[in-house]
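Next comes query.csv, a file with CSV, C-alpha atoms and all ligand atoms.
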```csv
chain,number,residue,atom,x,y,z
A,17,MET,CA,-3.5,27.2,-15.5
A,18,ASP,CA,-4.2,25.4,-18.7
A,19,ALA,CA,-3.6,21.7,-19.1
A,20,SER,CA,-0.1,22.1,-20.5
A,21,ALA,CA,1.1,24.4,-17.6
A,22,ARG,CA,-0.7,22.0,-15.1
A,23,LEU,CA,1.2,19.1,-16.6
A,24,GLN,CA,4.5,20.9,-16.1
A,25,HIS,CA,3.7,21.7,-12.5
A,26,THR,CA,2.7,18.1,-11.9
A,27,LEU,CA,5.9,16.9,-13.4
A,28,GLN,CA,7.9,19.2,-11.2
A,29,VAL,CA,6.1,18.0,-8.0
A,30,LEU,CA,6.2,14.3,-8.9
A,31,ARG,CA,9.9,14.4,-9.8
A,32,ALA,CA,10.7,15.9,-6.4
A,33,VAL,CA,8.4,13.3,-4.7
A,34,ALA,CA,10.0,10.4,-6.6
A,35,GLU,CA,13.4,11.6,-5.5
A,36,VAL,CA,12.3,11.4,-1.9
A,37,GLY,CA,10.9,7.9,-2.6
A,38,ARG,CA,14.2,6.7,-4.0
A,39,GLN,CA,15.9,7.9,-0.9
A,40,PHE,CA,13.3,6.6,1.6
A,41,PRO,CA,11.6,3.4,0.3
A,42,SER,CA,8.5,2.5,2.3
A,43,GLU,CA,8.2,-1.2,2.7
A,44,PRO,CA,7.7,-3.7,5.4
A,45,GLU,CA,11.0,-4.6,7.1
A,46,LEU,CA,11.1,-8.2,6.0
A,47,LYS,CA,14.8,-8.5,6.6
A,48,ASP,CA,14.1,-7.9,10.3
A,49,ILE,CA,11.9,-11.0,10.5
A,50,THR,CA,14.0,-13.9,11.7
A,51,PRO,CA,12.7,-16.6,9.4
A,52,LEU,CA,13.2,-14.3,6.4
A,53,CYS,CA,16.4,-12.5,7.3
A,54,SER,CA,18.7,-15.0,5.5
A,55,TYR,CA,17.0,-14.1,2.2
A,56,PHE,CA,18.9,-10.7,2.3
A,57,ASP,CA,22.6,-10.1,2.0
A,58,GLU,CA,24.7,-8.1,4.6
A,59,SER,CA,23.7,-4.8,3.0
A,60,GLY,CA,20.0,-5.7,3.3
A,61,THR,CA,19.5,-6.4,-0.4
A,62,LEU,CA,17.2,-9.2,-1.4
A,63,ILE,CA,19.1,-12.1,-2.9
A,64,GLU,CA,17.0,-12.4,-6.0
A,65,ASP,CA,18.6,-15.4,-7.6
A,66,ARG,CA,17.8,-17.6,-4.6
A,67,LEU,CA,14.1,-16.8,-4.5
A,68,ASP,CA,13.2,-20.3,-5.7
A,69,SER,CA,15.4,-22.1,-3.1
A,70,ARG,CA,13.4,-24.2,-0.6
A,71,ASP,CA,13.1,-23.2,3.0
A,72,GLY,CA,11.1,-25.2,5.4
A,73,GLY,CA,8.9,-26.8,2.6
A,74,VAL,CA,8.2,-23.6,0.7
A,75,THR,CA,10.2,-21.4,-1.7
A,76,ARG,CA,11.6,-18.2,-0.4
A,77,ARG,CA,9.4,-16.3,-2.9
A,78,GLU,CA,6.4,-18.0,-1.4
A,79,ALA,CA,7.3,-17.3,2.2
A,80,MET,CA,7.7,-13.6,1.3
A,81,LEU,CA,4.5,-13.4,-0.6
A,82,ARG,CA,2.7,-14.9,2.4
A,83,MET,CA,4.2,-12.3,4.7
A,84,LEU,CA,3.4,-9.4,2.4
A,85,LEU,CA,-0.2,-10.6,2.1
A,86,LEU,CA,-0.5,-10.6,5.9
A,87,SER,CA,1.3,-7.2,6.0
A,88,ALA,CA,-1.0,-5.6,3.5
A,89,VAL,CA,-4.1,-6.5,5.6
A,90,ILE,CA,-2.6,-5.2,8.9
A,91,ASP,CA,-0.5,-2.3,7.5
A,92,GLN,CA,-3.2,0.4,8.1
A,93,GLY,CA,-4.1,2.7,10.9
A,94,PRO,CA,-2.7,5.7,12.6
A,95,ASP,CA,1.0,4.7,12.9
A,96,ILE,CA,2.4,2.6,10.1
A,97,GLU,CA,5.8,2.3,11.7
A,98,GLY,CA,4.1,1.0,14.8
A,99,VAL,CA,2.2,-1.6,12.8
A,100,ARG,CA,5.4,-2.7,11.1
A,101,ARG,CA,7.1,-3.1,14.5
A,102,LEU,CA,4.2,-5.1,15.7
A,103,ALA,CA,4.4,-7.4,12.7
A,104,VAL,CA,8.1,-8.0,13.2
A,105,GLY,CA,7.7,-8.5,16.9
A,106,VAL,CA,4.9,-11.0,16.6
A,107,LEU,CA,6.6,-13.0,13.8
A,108,ASN,CA,9.9,-13.2,15.7
A,109,ASP,CA,8.1,-14.2,18.9
A,110,LEU,CA,6.0,-16.9,17.2
A,111,TYR,CA,9.0,-18.4,15.4
A,112,SER,CA,11.0,-18.4,18.6
A,113,ARG,CA,8.2,-20.7,20.0
A,114,GLU,CA,8.2,-22.8,16.9
A,115,VAL,CA,4.9,-21.4,15.7
A,116,ARG,CA,5.9,-21.2,12.0
A,117,VAL,CA,3.0,-19.3,10.6
A,118,LEU,CA,4.5,-18.4,7.2
A,119,HIS,CA,5.8,-21.9,6.5
A,120,ARG,CA,2.9,-23.7,8.2
A,121,PRO,CA,-0.1,-21.3,8.4
A,122,LEU,CA,-2.0,-24.0,10.3
A,123,ASP,CA,0.3,-23.3,13.3
A,124,PHE,CA,-1.4,-19.9,13.8
A,125,PHE,CA,-4.8,-21.6,14.4
A,126,GLU,CA,-3.5,-24.7,16.1
A,127,HIS,CA,-1.7,-22.7,18.7
A,128,PHE,CA,-4.1,-19.8,18.7
A,129,HIS,CA,-3.6,-19.0,22.4
A,130,ILE,CA,0.1,-18.4,21.7
A,131,SER,CA,-0.7,-16.3,18.6
A,132,ALA,CA,-3.2,-14.1,20.4
A,133,THR,CA,-1.0,-13.6,23.4
A,134,SER,CA,1.9,-12.7,21.2
A,135,ILE,CA,-0.2,-10.0,19.4
A,136,GLU,CA,-1.4,-8.6,22.7
A,137,GLU,CA,2.1,-8.5,24.3
A,138,CYS,CA,3.8,-7.0,21.3
A,139,HIS,CA,1.1,-4.4,20.9
A,140,ALA,CA,1.8,-3.3,24.5
A,141,VAL,CA,5.5,-3.0,23.8
A,142,VAL,CA,5.0,-0.9,20.6
A,143,LYS,CA,2.5,1.3,22.4
A,144,ALA,CA,4.9,2.0,25.3
A,145,ALA,CA,7.6,3.0,22.8
A,146,ARG,CA,5.5,5.1,20.4
A,147,ALA,CA,2.3,6.4,21.9
A,148,ALA,CA,3.7,9.7,23.3
A,149,ALA,CA,5.4,10.9,20.0
A,150,TRP,CA,2.4,9.7,18.0
A,151,ALA,CA,0.0,11.8,20.2
A,152,GLU,CA,2.1,14.9,19.8
A,153,ARG,CA,2.3,14.6,16.1
A,154,ASN,CA,-1.5,14.1,15.8
A,155,ASP,CA,-2.9,16.5,18.4
A,156,SER,CA,-4.1,13.4,20.3
A,157,ASN,CA,-3.9,11.5,23.6
A,158,PRO,CA,-1.3,8.7,24.1
A,159,ALA,CA,-4.0,6.6,25.7
A,160,LYS,CA,-5.8,6.5,22.3
A,161,TYR,CA,-2.9,4.8,20.6
A,162,LEU,CA,-4.3,1.5,19.2
A,163,LEU,CA,-3.0,-0.5,16.2
A,164,TYR,CA,-6.0,-2.9,16.2
A,165,MET,CA,-8.1,-1.7,13.3
A,166,GLU,CA,-11.4,0.2,13.2
A,167,ASN,CA,-10.8,1.0,16.9
A,168,ALA,CA,-11.5,-2.5,17.9
A,169,ARG,CA,-10.2,-3.3,21.3
A,170,GLN,CA,-10.7,-7.1,21.3
A,171,THR,CA,-7.6,-9.2,20.6
A,172,LEU,CA,-9.5,-12.3,19.4
A,173,GLY,CA,-11.5,-10.5,16.7
A,174,TYR,CA,-8.4,-8.6,15.5
A,175,ALA,CA,-6.2,-11.7,15.5
A,176,ILE,CA,-8.7,-14.0,13.6
A,177,TYR,CA,-10.0,-11.4,11.1
A,178,ARG,CA,-6.8,-9.5,10.3
A,179,TRP,CA,-4.1,-12.1,10.9
A,180,GLY,CA,-6.0,-15.3,10.4
A,181,ALA,CA,-7.8,-14.4,7.1
A,182,PRO,CA,-4.6,-13.7,5.1
A,183,LEU,CA,-2.9,-16.8,6.6
A,184,ALA,CA,-5.9,-18.9,5.7
A,185,VAL,CA,-5.4,-18.3,2.0
A,186,PRO,CA,-2.1,-20.2,1.7
A,187,LEU,CA,-3.4,-22.7,4.3
A,188,MET,CA,-6.5,-23.6,2.2
A,189,LEU,CA,-4.4,-23.6,-1.1
A,190,THR,CA,-1.9,-25.9,0.5
A,191,GLN,CA,-4.5,-28.3,1.9
A,192,GLU,CA,-6.3,-28.5,-1.5
A,193,ALA,CA,-3.0,-29.0,-3.3
A,194,GLY,CA,-2.1,-31.8,-0.9
A,195,ALA,CA,-5.5,-33.4,-1.4
A,196,ARG,CA,-4.8,-33.5,-5.1
A,197,GLY,CA,-1.4,-34.9,-4.6
A,198,ARG,CA,0.3,-31.7,-5.7
A,199,GLU,CA,3.1,-29.7,-4.1
A,200,GLY,CA,2.4,-26.8,-1.9
A,201,ALA,CA,5.7,-25.1,-2.1
A,202,ASP,CA,4.5,-22.1,-4.1
A,203,VAL,CA,0.7,-22.3,-4.0
A,204,LEU,CA,0.2,-18.6,-3.3
A,205,HIS,CA,2.4,-17.5,-6.2
A,206,ARG,CA,0.7,-19.9,-8.6
A,207,PHE,CA,-2.7,-18.6,-7.4
A,208,LEU,CA,-1.8,-14.9,-7.8
A,209,THR,CA,-0.4,-15.3,-11.3
A,210,ALA,CA,-2.8,-17.9,-12.8
A,211,ASP,CA,-5.6,-17.0,-15.3
A,212,HIS,CA,-8.8,-16.8,-13.3
A,213,GLY,CA,-11.0,-15.7,-16.2
A,214,CYS,CA,-13.0,-12.8,-14.8
A,215,PHE,CA,-9.9,-11.0,-13.4
A,216,ALA,CA,-7.6,-9.0,-15.6
A,217,ARG,CA,-4.2,-10.7,-16.1
A,218,SER,CA,-2.1,-8.0,-14.5
A,219,VAL,CA,-1.0,-6.9,-11.1
A,220,GLU,CA,-4.1,-4.6,-11.1
A,221,GLY,CA,-6.3,-7.6,-11.8
A,222,MET,CA,-4.5,-9.5,-9.0
A,223,THR,CA,-5.4,-6.7,-6.5
A,224,TYR,CA,-9.1,-7.5,-7.2
A,225,LEU,CA,-8.5,-11.3,-7.2
A,226,ILE,CA,-7.1,-11.2,-3.6
A,227,LYS,CA,-10.2,-9.3,-2.5
A,228,ASP,CA,-13.0,-10.5,-4.6
A,229,HIS,CA,-12.3,-14.2,-5.6
A,230,ALA,CA,-15.4,-16.1,-4.7
A,231,ARG,CA,-13.5,-18.8,-2.8
A,232,TYR,CA,-10.2,-17.4,-1.7
A,233,GLY,CA,-10.9,-13.7,-1.6
A,234,LEU,CA,-10.3,-11.8,1.6
A,235,GLY,CA,-13.4,-9.6,1.1
A,236,LYS,CA,-13.7,-6.8,3.7
A,237,ALA,CA,-10.6,-8.0,5.5
A,238,ILE,CA,-8.6,-6.1,2.9
A,239,GLY,CA,-9.5,-2.8,1.4
A,240,ASP,CA,-8.8,-1.5,-2.1
A,241,LYS,CA,-5.9,0.5,-0.8
A,242,ALA,CA,-4.3,-2.4,1.0
A,243,ALA,CA,-4.8,-4.7,-2.0
A,244,HIS,CA,-3.0,-2.1,-4.1
A,245,LEU,CA,-0.3,-1.8,-1.5
A,246,PHE,CA,0.3,-5.5,-1.9
A,247,GLY,CA,0.6,-5.0,-5.6
A,248,LYS,CA,3.2,-2.3,-5.1
A,249,TRP,CA,5.2,-4.4,-2.7
A,250,VAL,CA,5.4,-7.5,-4.9
A,251,VAL,CA,6.4,-5.4,-8.0
A,252,HIS,CA,8.2,-2.4,-6.8
A,253,SER,CA,9.6,-3.1,-3.3
A,254,PHE,CA,10.4,-6.8,-3.7
A,255,PRO,CA,10.5,-8.3,-7.2
A,256,LEU,CA,8.7,-11.5,-6.4
A,257,LEU,CA,6.6,-12.2,-9.5
A,258,LEU,CA,8.2,-14.4,-12.2
A,259,ASN,CA,6.6,-12.7,-15.2
A,260,ARG,CA,7.6,-9.1,-14.6
A,261,ASP,CA,9.1,-8.5,-18.1
A,262,ASP,CA,5.5,-8.4,-19.3
A,263,PRO,CA,4.2,-4.8,-18.9
A,264,ALA,CA,1.1,-6.1,-17.2
A,265,TRP,CA,3.3,-7.4,-14.3
A,266,GLY,CA,5.8,-4.6,-14.4
A,267,PRO,CA,6.3,-1.1,-12.7
A,268,TRP,CA,3.1,0.5,-14.1
A,269,SER,CA,0.9,-2.6,-13.7
A,270,TYR,CA,-1.1,-1.4,-10.6
A,271,GLU,CA,-2.8,1.7,-9.5
A,272,VAL,CA,-0.9,3.7,-6.8
A,273,PRO,CA,-2.4,2.9,-3.4
A,274,PHE,CA,-2.7,6.4,-2.0
A,275,ASP,CA,-3.2,6.3,1.7
A,276,SER,CA,-4.3,9.4,3.7
A,277,ASN,CA,-0.7,10.6,4.0
A,278,ALA,CA,-0.2,10.4,0.2
A,279,GLY,CA,-3.6,12.0,-0.5
A,280,ARG,CA,-2.8,14.9,1.9
A,281,VAL,CA,0.5,15.7,0.1
A,282,LEU,CA,-1.2,15.5,-3.3
A,283,TYR,CA,-3.8,17.9,-2.1
A,284,ARG,CA,-1.5,20.4,-0.5
A,285,THR,CA,0.9,20.5,-3.3
A,286,GLY,CA,-2.0,21.5,-5.6
A,287,ILE,CA,-2.1,18.3,-7.8
A,288,VAL,CA,-5.6,17.2,-6.7
A,289,THR,CA,-7.3,20.6,-7.0
A,290,GLY,CA,-5.2,21.4,-10.1
A,291,TRP,CA,-6.8,18.6,-12.1
A,292,VAL,CA,-10.2,18.2,-10.5
A,293,ASP,CA,-12.4,21.2,-9.7
A,294,GLU,CA,-13.6,21.7,-6.1
A,295,ALA,CA,-17.3,21.2,-6.9
A,296,ARG,CA,-16.6,17.8,-8.4
A,297,LEU,CA,-14.4,16.8,-5.4
A,298,ARG,CA,-17.3,17.7,-3.1
A,299,ARG,CA,-19.9,15.9,-5.2
A,300,HIS,CA,-17.8,12.7,-4.9
A,301,GLU,CA,-17.3,13.3,-1.2
A,302,VAL,CA,-13.5,13.5,-1.6
A,303,ILE,CA,-13.8,16.8,0.2
A,304,GLN,CA,-16.4,16.8,3.0
A,305,PRO,CA,-16.9,20.4,4.4
A,306,GLY,CA,-17.1,20.7,8.1
A,307,GLN,CA,-16.1,17.0,8.7
A,308,GLY,CA,-12.4,17.6,9.4
A,309,LYS,CA,-10.8,17.5,12.8
A,310,GLY,CA,-12.2,20.2,15.2
A,311,GLY,CA,-15.2,20.8,12.9
A,312,ASP,CA,-13.8,23.9,11.3
A,313,THR,CA,-12.0,22.2,8.5
A,314,ALA,CA,-13.0,19.9,5.7
A,315,TYR,CA,-12.3,16.2,5.7
A,316,MET,CA,-10.6,14.6,2.7
A,317,ARG,CA,-11.5,11.0,2.0
A,318,VAL,CA,-8.6,10.0,-0.2
A,319,THR,CA,-10.1,6.7,-1.3
A,320,ASN,CA,-13.1,8.5,-2.8
A,321,LEU,CA,-10.7,10.0,-5.4
A,322,ARG,CA,-10.7,6.6,-7.2
A,323,GLY,CA,-12.9,6.9,-10.3
A,324,VAL,CA,-13.3,10.7,-10.2
A,325,GLU,CA,-13.0,12.2,-13.7
A,326,SER,CA,-10.5,15.0,-14.6
A,327,GLU,CA,-11.9,17.1,-17.4
A,328,LEU,CA,-8.7,19.2,-17.6
A,329,ALA,CA,-6.6,16.1,-18.2
A,330,GLN,CA,-8.7,15.3,-21.2
A,331,GLU,CA,-7.4,18.5,-22.7
A,332,SER,CA,-3.8,17.3,-22.6
A,333,PRO,CA,-3.0,15.1,-25.6
A,334,ALA,CA,0.1,13.8,-23.7
A,335,ILE,CA,-1.9,12.6,-20.7
A,336,VAL,CA,-4.7,11.1,-22.9
A,337,ALA,CA,-2.1,9.1,-24.8
A,338,ALA,CA,-0.3,8.0,-21.6
A,339,ASN,CA,-3.6,7.1,-19.9
A,340,LYS,CA,-4.4,4.9,-22.8
A,341,GLU,CA,-1.1,3.1,-22.6
A,342,LEU,CA,-1.5,2.8,-18.9
A,343,CYS,CA,-5.0,1.3,-19.0
A,344,VAL,CA,-4.6,-0.9,-22.0
A,345,ARG,CA,-1.0,-2.2,-21.8
A,346,HIS,CA,-0.1,-2.0,-18.1
A,347,LEU,CA,-3.2,-2.2,-16.0
A,348,ARG,CA,-5.2,-4.2,-18.6
A,349,SER,CA,-8.3,-2.6,-17.1
A,350,HIS,CA,-9.4,-1.5,-20.7
A,351,LYS,CA,-9.3,-3.2,-24.1
A,352,ARG,CA,-9.3,0.2,-25.9
A,353,ALA,CA,-8.6,3.8,-25.0
A,354,PRO,CA,-10.7,4.9,-22.0
A,355,VAL,CA,-13.2,7.6,-22.6
A,356,LYS,CA,-12.3,9.5,-19.4
A,357,VAL,CA,-9.1,10.2,-17.4
A,358,GLN,CA,-9.6,9.1,-13.8
A,359,ALA,CA,-7.9,11.3,-11.2
A,360,GLN,CA,-6.0,8.4,-9.6
A,361,HIS,CA,-4.4,7.5,-12.9
A,362,ILE,CA,-2.8,10.9,-13.4
A,363,PRO,CA,0.4,10.4,-11.3
A,364,SER,CA,1.1,7.1,-13.2
A,365,ALA,CA,0.3,8.6,-16.6
A,366,VAL,CA,2.6,11.6,-15.8
A,367,SER,CA,5.4,9.2,-14.8
A,368,LEU,CA,5.0,7.3,-18.1
A,369,ILE,CA,5.4,10.7,-19.9
A,370,ASP,CA,8.4,11.5,-17.8
A,371,GLY,CA,10.2,8.2,-18.1
A,372,THR,CA,12.5,8.7,-15.1
A,373,MET,CA,10.2,7.8,-12.2
A,374,THR,CA,7.8,5.0,-11.4
A,375,PRO,CA,4.5,4.8,-9.5
A,376,GLY,CA,6.2,2.9,-6.7
A,377,GLN,CA,8.8,5.7,-6.2
A,378,ILE,CA,6.1,8.3,-6.3
A,379,ASP,CA,4.0,6.4,-3.6
A,380,ASP,CA,7.0,5.9,-1.4
A,381,GLY,CA,7.9,9.6,-1.7
A,382,LEU,CA,4.3,10.7,-0.8
A,383,ILE,CA,4.3,8.4,2.2
A,384,LYS,CA,7.6,9.8,3.4
A,385,VAL,CA,6.7,13.4,2.9
A,386,GLY,CA,3.3,12.8,4.6
A,387,THR,CA,4.7,11.2,7.7
A,388,GLU,CA,7.9,13.2,8.1
A,389,TRP,CA,7.0,16.8,7.2
A,390,CYS,CA,3.4,17.2,6.0
A,391,PHE,CA,1.6,16.4,9.3
A,392,ASN,CA,-2.1,16.2,9.5
A,393,THR,CA,-2.3,19.5,11.3
A,394,GLY,CA,-2.5,23.2,10.3
A,395,THR,CA,1.2,23.6,10.8
A,396,PRO,CA,3.2,21.1,8.8
A,397,ARG,CA,7.0,21.4,8.7
A,398,CYS,CA,7.1,23.2,5.3
A,399,SER,CA,10.4,24.9,6.0
A,400,GLU,CA,12.2,21.5,6.1
A,401,CYS,CA,10.1,19.7,3.4
A,402,PRO,CA,11.9,18.9,0.2
A,403,LEU,CA,8.8,19.8,-1.8
A,404,ARG,CA,8.6,23.4,-0.4
A,405,SER,CA,9.7,25.2,-3.6
A,406,VAL,CA,7.1,23.4,-5.8
A,407,CYS,CA,4.3,23.0,-3.3
A,408,ALA,CA,1.2,25.2,-4.0
A,409,GLY,CA,0.2,25.2,-0.4
A,410,ALA,CA,3.6,26.4,0.8
A,411,THR,CA,4.0,29.0,-1.8
A,412,GLU,CA,0.8,30.6,-3.0
A,413,GLN,CA,-2.3,28.8,-1.7
A,414,PRO,CA,-2.0,28.5,2.1
A,415,ASP,CA,-5.7,27.4,2.4
A,416,LEU,CA,-4.7,24.1,0.8
A,417,ILE,CA,-2.9,23.5,4.1
A,418,THR,CA,-5.2,25.0,6.6
A,419,ALA,CA,-8.7,24.2,5.3
A,420,VAL,CA,-8.5,20.4,4.9
A,421,ARG,CA,-7.6,17.4,7.1
A,422,THR,CA,-7.3,13.7,6.1
A,501,LIG,S1,5.8,22.1,1.6
A,501,LIG,FE1,4.4,21.9,3.4
A,501,LIG,S2,2.4,21.6,2.7
A,501,LIG,FE2,3.8,21.2,1.0
A,501,LIG,S3,4.1,19.0,1.0
A,501,LIG,FE3,5.7,19.9,2.2
A,501,LIG,S4,5.0,20.0,4.4
A,501,LIG,FE4,3.2,19.6,3.0
```
Can you dump the structure from the file as structure tokens?
Amino acid sequence: MDASARLQHTLQVLRAVAEVGRQFPSEPELKDITPLCSYFDESGTLIEDRLDSRDGGVTRREAMLRMLLLSAVIDQGPDIEGVRRLAVGVLNDLYSREVRVLHRPLDFFEHFHISATSIEECHAVVKAARAAAWAERNDSNPAKYLLYMENARQTLGYAIYRWGAPLAVPLMLTQEAGARGREGADVLHRFLTADHGCFARSVEGMTYLIKDHARYGLGKAIGDKAAHLFGKWVVHSFPLLLNRDDPAWGPWSYEVPFDSNAGRVLYRTGIVTGWVDEARLRRHEVIQPGQGKGGDTAYMRVTNLRGVESELAQESPAIVAANKELCVRHLRSHKRAPVKVQAQHIPSAVSLIDGTMTPGQIDDGLIKVGTEWCFNTGTPRCSECPLRSVCAGATEQPDLITAVRT
């Protein structure tokens, strides 16, 4: 396929994906969290014109940003739905005991025995409800179900590193604001949107800020993917940033996060191998032969796709122009047209060309397809999948399904 035909196929796939994303948005269930539920109306829609109302000493906008920063750090692992239930369970439990961690982050540390016990007990409840179905979907054993990250089994380490670190950001900002006699009602929002010099002034720059800032950065507690997930949530899922009329804070202002579910769907539908040749994917260890589950398949490390060049995309004037607009106006990662088209920019660039879909809708759709139909086994549910008529794996290249795991 030449670049023009490849672009048409990519448009077809992404339009179908975005349609799924519009029907099934993937976002933390903030409306189920007791201290935040009054921020939504009866239909579950965020009441946007009250985001600056005060609630317990902080604005609603601020309380939601704090929750999303925490969610971005913990929202990883084998069962995202389980992690989200864990977050809702712990928050509701803590607030029922007056441990108000979003409004007073110090509470989490001051009453740490309560915080840690709550995490432990809620994890046990989620595991009892979800381990069996999770094991069946993933060819695994229910006993291996664990939402603590990196297979850690210790509550204290998980609680401090993954819950404590993101809560310490607004804690430190509030304490410093107080020491200077300033208000702490929206410290996190001010920090995220301020000019920090070495970080691009865009949501994309913000994703690096929350990870790499020398004083307040979360460092290894948050990965690139999770930082971009935070970017997606505060722009696409919940419109929480005040300056979103500026393209650098709007729908195309961040790179799509791409978790393993999303990467698997992009691979099987033919988008990844369509734009980047197999040899280059191996060289960058996106595809790692013999490393997949069972040893007879390749492993796809989705995060390694970031920065990999697509030579074919350079042959499409439409993609080159859209990529320039994306990088210069929206991401603000470049001052002038980039020399190369990086693979992870292709879905966003294609959505700019199309004009009817956004990166957030695409990512939501990929997550839904990856978790509902495109399981990480050799037998995904293609016959029920909404992408089946445009998916290369389901129509003409079955090895895209059988040869690789994520
Ligand atoms: S048609 Fe099959 S391989 Fe293609 S995305 Fe859907 S489930 Fe995955």
Could you please determine the separation between atom CA of Trp268 of chain A and atom CA of Ala201 of chain A in Å, to one decimal place?
28.4 Å
Which value, in Å to one decimal, gives the distance between atom CA of Glu64 of chain A and atom CA of Leu257 of chain A?
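So the answer is 11.0 Å.
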Around (-4.5, 2.3, 21.8) in the file's frame, which residues reach within 12 Å when counting only C-alpha atoms? Return as an mmCIF file with C-alpha atoms, keeping the file's coordinate frame?
```cif
data_model
loop_
_atom_site.group_PDB
_atom_site.id
_atom_site.type_symbol
_atom_site.label_atom_id
_atom_site.label_comp_id
_atom_site.auth_asym_id
_atom_site.auth_seq_id
_atom_site.Cartn_x
_atom_site.Cartn_y
_atom_site.Cartn_z
ATOM 1 C CA GLY A 93 -4.100 2.700 10.900
ATOM 2 C CA PRO A 94 -2.700 5.700 12.600
ATOM 3 C CA ASP A 95 1.000 4.700 12.900
ATOM 4 C CA GLY A 98 4.100 1.000 14.800
ATOM 5 C CA VAL A 99 2.200 -1.600 12.800
ATOM 6 C CA GLU A 136 -1.400 -8.600 22.700
ATOM 7 C CA HIS A 139 1.100 -4.400 20.900
ATOM 8 C CA ALA A 140 1.800 -3.300 24.500
ATOM 9 C CA VAL A 141 5.500 -3.000 23.800
ATOM 10 C CA VAL A 142 5.000 -0.900 20.600
ATOM 11 C CA LYS A 143 2.500 1.300 22.400
ATOM 12 C CA ALA A 144 4.900 2.000 25.300
ATOM 13 C CA ARG A 146 5.500 5.100 20.400
ATOM 14 C CA ALA A 147 2.300 6.400 21.900
ATOM 15 C CA ALA A 148 3.700 9.700 23.300
ATOM 16 C CA TRP A 150 2.400 9.700 18.000
ATOM 17 C CA ALA A 151 0.000 11.800 20.200
ATOM 18 C CA SER A 156 -4.100 13.400 20.300
ATOM 19 C CA ASN A 157 -3.900 11.500 23.600
ATOM 20 C CA PRO A 158 -1.300 8.700 24.100
ATOM 21 C CA ALA A 159 -4.000 6.600 25.700
ATOM 22 C CA LYS A 160 -5.800 6.500 22.300
ATOM 23 C CA TYR A 161 -2.900 4.800 20.600
ATOM 24 C CA LEU A 162 -4.300 1.500 19.200
ATOM 25 C CA LEU A 163 -3.000 -0.500 16.200
ATOM 26 C CA TYR A 164 -6.000 -2.900 16.200
ATOM 27 C CA MET A 165 -8.100 -1.700 13.300
ATOM 28 C CA GLU A 166 -11.400 0.200 13.200
ATOM 29 C CA ASN A 167 -10.800 1.000 16.900
ATOM 30 C CA ALA A 168 -11.500 -2.500 17.900
ATOM 31 C CA ARG A 169 -10.200 -3.300 21.300
ATOM 32 C CA GLN A 170 -10.700 -7.100 21.300
ATOM 33 C CA THR A 171 -7.600 -9.200 20.600
#
```
Take the point (-11.1, -16.0, -4.0) in the file's coordinates, draw a sphere of radius 12 Å around it, and report as a PyMOL selection string every protein, DNA or RNA residue with an atom inside or on it, counting all atoms listed in the file.
chain A and resi 181-182+184-186+188-189+204+207-208+212+214-215+222-235
Could you please take those selected residues and save C-alpha atoms as a compact mmCIF listing (two decimals), in the frame of the given file?
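Once everything was written out, this is again.txt:
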```txt
# COMPACT_ATOMS: atom_id res chain seq x y z
CA ALA A 181 -7.80 -14.40 7.10
CA PRO A 182 -4.60 -13.70 5.10
CA ALA A 184 -5.90 -18.90 5.70
CA VAL A 185 -5.40 -18.30 2.00
CA PRO A 186 -2.10 -20.20 1.70
CA MET A 188 -6.50 -23.60 2.20
CA LEU A 189 -4.40 -23.60 -1.10
CA LEU A 204 0.20 -18.60 -3.30
CA PHE A 207 -2.70 -18.60 -7.40
CA LEU A 208 -1.80 -14.90 -7.80
CA HIS A 212 -8.80 -16.80 -13.30
CA CYS A 214 -13.00 -12.80 -14.80
CA PHE A 215 -9.90 -11.00 -13.40
CA MET A 222 -4.50 -9.50 -9.00
CA THR A 223 -5.40 -6.70 -6.50
CA TYR A 224 -9.10 -7.50 -7.20
CA LEU A 225 -8.50 -11.30 -7.20
CA ILE A 226 -7.10 -11.20 -3.60
CA LYS A 227 -10.20 -9.30 -2.50
CA ASP A 228 -13.00 -10.50 -4.60
CA HIS A 229 -12.30 -14.20 -5.60
CA ALA A 230 -15.40 -16.10 -4.70
CA ARG A 231 -13.50 -18.80 -2.80
CA TYR A 232 -10.20 -17.40 -1.70
CA GLY A 233 -10.90 -13.70 -1.60
CA LEU A 234 -10.30 -11.80 1.60
CA GLY A 235 -13.40 -9.60 1.10
```
Do a neighbour search on segment 318-330 of chain A at 10 Å with only C-alpha atoms, toss out local chain neighbours closer than 3 positions, and write the hits as a PyMOL selection string.
chain A and resi 17-20+22-23+239-241+271+273-280+282-283+288-293+296-297+299-303+315+333-337+339+355-362+422
Record the distance separating atom CA of His129 of chain A and atom CA of Ile49 of chain A, expressed in Å with one decimal.
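Between atom CA of His129 of chain A and atom CA of Ile49 of chain A the gap works out to 21.1 Å.
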